[in-house]
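Q: Next up is a structure, given as C-alpha cells.
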Amino acid sequence: MKKHRSILLLIFLTVGKSLLAQLPIIPYPNKVVEGKGFYTVTSSVAKEAVIVIDSSAASVVTNSEGYLLTVTPKQIKVLAKTKVGAFYGMQTLLQLEAASKKIPVLTIEDAPAFGYRGLMLDVGRHFMPITFIKQLLDVMAMQKMNNLHLHLTEDQGWRIEIKKYPKLTSVGSVRGGTLIGKYPGTGNTNTPYGGYYTQAQLKELVAYAAAKHINIVPEIEMPGHASAAIAAYPELSCFPSEPTKLTNNMYASATENKIKTLGGKIVQETWGVFDDVFAPSEFTFNFIEHVLDEVMDIFPSSYIHIGGDECPKTAWKRSSYCQSLMKEKGIANEHALQSYFIQRVEKYVNSKGRKIIGWDEILEGGLAPNATVMSWQGEEGGITAAKQHHDVIMTPQGTCYLNFYQSSDPRDSIAFGGFLPIEAVYNYSPVPAALTPNEASYIKGVQGNLWTEYIANKDLASFMLYPRAMAIAENGWTKTKTGFDHFTSRVTRWQSLLQQKGLHYSDHLYNVQITSKPIAGGINVSIGGVGKAYKIVYNTNGKLPSVDDQVYTGPITITGDAKLQAGVVVNNKITDVASAAFSINKATGAQLVSLLNAPKAPYNKSGNTGFINGIVANDSRFSDGEWLAWEGKTIHATLDLGAATSVTQITTRFINSRGSWIHLPTRVEVLGSLDGKTFTRLGLQQNFDNSKEGALTVSFALPPTTIKFLTFIADPVTTIPAGFAGAGNPSWLFMDELIIK
Ligand code: ACM
C-alpha cells in the first residue's frame, strides 16, 4: 500500500511539473493552483476572457495591482479590484495564449512584491528613437513593469525641449564628436552627434506608457553631469568664462579647436565625471525651476528625478561665490552645500505636489526631508536611507547595471567594465538583509539601469537589456522565486516574442565558469555554471567553439601554457562562450604561507589563492573572478615554492581604470628567501605608466636566483586624489596571476 501511494505521488508530481513547465510566464505568478484539462481558445483571449473589476471583491488580494485568474474548460475569467489589476491578469493570459491556444485549467492568485518595478534608459550619452522606447514599453507592460526612468540630460547631451531655454537643445543636444573605443579611447569621431525629444513627442510617449499602466520618471541631472546645459548657458557654471577643461589628451587638438571656435564651453565628447558643475546661484535655481515647470507639465509622474550623483566639489571649493555663500548660510562644507542645493530644489518640487528622487549621493551632507533614494553604489545608500525612514528604490550596480558585460563571450561588443551575467541579476533580492521588517517596508522597488556610453544604437540597447531585464521584472514581482533553471526555461520561450516585437536580445544565459585545482606539474580544469539540461563543448585550438568540438565530461588536465574555449550548446547552437588562458609556472599551486589582507568581495571569487591558480584573468571583464581586488589595502603575500627553485622572472598585471576607482599600485616589491626567515629584495618598482586604461604588466627580470620562499608586496593608492572619480575614498587595486619563471 505504502509503495502504491508513493508511485501515485510520483505521477502527480511529474504531471504537476510538466504543466508548470508549460507556463512560460515572466514574471512568474505568486500562486498557481493547477487543475485538469484545458480551455481551448477559439479566437483570442482578448475576446473570450470575462473581465470583472470589482473594488470590493473579497477574493482578490489586498493589492491594487493584484488579480485572480480562473481558467476552467468552459471559461477564462480575470477578477481584479482595479483596472491595473485586470490589465496584469490579461498580461498573464496573453502570455499563456502565446505559448498555446490550449490554456491549462488553473487558478492564479497574483500581486507584486514591490510597487515600483523599473528600467532606466540613458538617452543622454546616446539618443534612442521614440519608436524603440515604445517597443520597450510594450515588453515592460507584458512583464508587469510599471516605471520607465528616462535619463534625459547628461554631460554629452541635453535631450528634452525646454521652450524657455531654446539653447538647451540648439546647443546642448549636439556634441562635436564622440570618443572612439573604450575610455580613454583611441580618438574622436569628430562627427557631430545629437538628438532631442520635442515636448509633443514626450507627451505622446507619456500617454502611450500610461495606456499600459507605466509611469515615466523624468530625470534632469543636477548639480553634476551638467556640461551640456552649461555649454548652452555658461552662466550656470561657477566659472562662466573658463573654457571646458580637457580630460583626455589623446584627441586634444581637434577638441581644443572646437573649444576655441565655440568660445569656451562644449558639450562633452568623452565619458566620465567632470568638474564644471552647476553653481548654487540664484541664476541656476531660477533656471532649474523653469525647466522643472516644463518637465512637470509633460510628465505627470509623482517622482521627479533630480540626479545628484557624481558631483565633484572642485569648482565649489575654488569659487569665491560658493565660499561666501557657505559662510553666509552657515554651510559647513561642500557636501552640505550639495545638500543645500538638493533641498532647495526639493522644496520647489514639493510645492508643485511632486516628490524628488535622486541617486544615493543625495545622502551626502544630509538627506532632503521627503526625498526617495535610488541606491546605486551598492546597498549601503539604500540601507542608510531606509533606516532614516526614507523610501528607497534599489538599483545597486553590482546586480542591476545592465550596461555591464553579460558574458565572457569574446563576440560581444565592448561594454562598461563590470561583469553581470543574468544569473547574478536573477539571484538578487532587493531587500537588504541588514534591515528590520519595518525598515524593509521603505524598500519600494527595484530597477535595472542601462547607461549608454558604449551603447550607440537601439539594437545594442535591447541586446544588453534582454534577457536580463526579465530577471529585474521577476525580482520586482515574484515573492518566492522558482529557481534559475525554471527561469531560463521560460526566458528561452520568450525569445520569439521579443523577435515579433522587433527587439534584439542576447541568448547568453549561463556564465560558463572555468576553474582549476593544482596537481603535480599543472592543473585540473573544470567547466561548470551551466544548467544540467545543456551540453558543454570545448577546444584548445584558439578558435571559437563549435557544436562539433569535444564534449566536456569531466576535469581536463593542463600542464603547459594554453588557451581553452568552451561553449554551451542550446538547440544545436553555441549560445555562451567562455575562454581561459592558462599559465603553468613555478608559482602555480605553490603554498600560500601568509596573506596580510584578503581580497575583497565580490572580487575574490577564485579565493585567496586565485593569483596562483594557473588561470590568467580576462583583459576586459575585471569582475571575472580571476582578477583579485583589494580596497585601499596592501597586497602582501608569501609563497612557499616547495623546494629551492631557480627564478629568472616575476611578472603580474594590474588594472588602471581610474574612472571606476581602480588605480595602479604606488609601489611593488618582491623578496626571496631560502629559509623563510631571511628575505632579500629581488625587485622594486615605484613608478607606473598610467597613461593607458586597462591591464598593465609589471615584470622583474633577475639573474638566475635560487629561492624557496617569495614575498610579493603591492601598495595601493590609499586615498583617491582630487580630480578623480571617487576622490577621498580608498582606491581598488586589481591584480592578476603571479607568474614566476
Ligand atoms: C550612476 O551610475 N552614476 C548613478
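Going by the C-alpha cells order, chains are called A, B, ..., each with residues numbered from 1, while ligands are numbered from 1 in the order shown.
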Which neighbours of range 263-269 of chain A fall inside 6 Å, counting only C-alpha atoms, when residues of the same chain fewer than 5 positions from it are skipped, and could you give them as a ChimeraX atom specification?
A: /A:155-156,175,177-178,227-228,231,243-244
Q: Just to be explicit: take each residue in the selection above, keep C-alpha atoms, and write the result as an mmCIF file, in the first residue's frame.
A:
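This went into result-v1.cif:
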data_model
loop_
_atom_site.group_PDB
_atom_site.id
_atom_site.type_symbol
_atom_site.label_atom_id
_atom_site.label_comp_id
_atom_site.auth_asym_id
_atom_site.auth_seq_id
_atom_site.Cartn_x
_atom_site.Cartn_y
_atom_site.Cartn_z
ATOM 1 C CA ASP A 155 27.356 65.949 -19.954
ATOM 2 C CA GLN A 156 27.207 64.579 -23.512
ATOM 3 C CA ARG A 175 28.260 67.280 -29.299
ATOM 4 C CA GLY A 177 32.271 64.296 -31.746
ATOM 5 C CA THR A 178 32.383 61.095 -29.731
ATOM 6 C CA SER A 227 28.151 70.076 -19.128
ATOM 7 C CA ALA A 228 25.573 70.165 -21.935
ATOM 8 C CA ALA A 231 27.646 74.733 -22.810
ATOM 9 C CA PRO A 243 36.753 77.077 -21.342
ATOM 10 C CA THR A 244 35.852 73.419 -20.885
#
Q: Report as a tab-separated table the residues of chain A within 8 Å of ligand 1, each with its shortest atom pair and distance in Å (one decimal), using only C-alpha atoms and all ligand atoms, ordered by chain and increasing residue number.
A:
residue	atom	partner	partner_atom_place_in_ligand_line	distance
A:Gly307	CA	ligand 1	4 (C)	7.6
A:Asp309	CA	ligand 1	3 (N)	5.4
A:Glu310	CA	ligand 1	3 (N)	6.0
A:Trp359	CA	ligand 1	4 (C)	5.7
A:Asp360	CA	ligand 1	4 (C)	7.9
A:Trp376	CA	ligand 1	4 (C)	5.9
A:Gln377	CA	ligand 1	2 (O)	7.3
A:Gln397	CA	ligand 1	2 (O)	7.3
A:Trp451	CA	ligand 1	2 (O)	7.6
Q: If we count only C-alpha atoms and set the cut-off at 7 Å, which residues sit around range 691-708 of chain A, ignoring sequence neighbours fewer than 6 positions away in its own chain? Please answer as a VMD selection string.
A: chain A and resid 184 619 640 to 657 672 to 674 683
Q: Residues of range 418-578 of chain A in strand (DSSP E or B) according to DSSP, as a PyMOL selection string?
A: chain A and resi 418-419+443-450+513-519+522-528+535-539+550-551+556-558+562-570+573-578
Q: Closest to Phe724 in chain A among A:Ala566, A:Val273, A:Val206, A:Val392, using only C-alpha atoms?
A: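 Closest to Phe724 in chain A of all the choices is A:Val273.
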Q: Hey, what's within 9 Å of Arg117 in chain A if we count only C-alpha atoms and toss same-chain stuff fewer than 5 positions away? As a PyMOL selection string, please?
A: chain A and resi 144-148+393+444-448+472-473+475-477
Q: Looking at A:Val84, A:Val78, A:Val123, A:Leu262, which one is nearest to Ile108 in chain A, with distances taken over only C-alpha atoms?
A: A:Val78
Q: Nearest to Cys238 in chain A among A:Ser320, A:Ser173, A:Tyr165, A:Glu65, with distances taken over only C-alpha atoms: which residue is it?
A: A:Ser320
Q: From the set A:Thr247, A:Ser413, A:Asn690, A:Thr480, which residue has the shortest atom-to-atom contact distance to Val32 in chain A, counting only C-alpha atoms?
A: A:Thr480
Q: At most 7 Å is the cut-off: for each residue in range 567-618 of chain A with any atom that close to an atom of range 506-515 of chain A, write down the nearest atom pair and the distance in Å rounded to one decimal, counting only C-alpha atoms, chain first then increasing number, as CSV.
A:
residue,atom,partner,partner_atom,distance
A:Thr575,CA,A:Asp507,CA,5.7
A:Asp576,CA,A:His508,CA,5.3
A:Ala578,CA,A:Val512,CA,5.8
A:Ala580,CA,A:Ile514,CA,6.9
Q: Keeping C-alpha atoms, export the residues of the selection given above as a PDB file, in the first residue's frame.
A:
ATOM      1  CA  THR A 575      24.985  30.426 -27.027  1.00  0.00           C
ATOM      2  CA  ASP A 576      27.630  31.263 -24.442  1.00  0.00           C
ATOM      3  CA  ALA A 578      33.937  31.399 -22.166  1.00  0.00           C
ATOM      4  CA  ALA A 580      40.558  30.972 -20.164  1.00  0.00           C
TER       5      ALA A 580
END
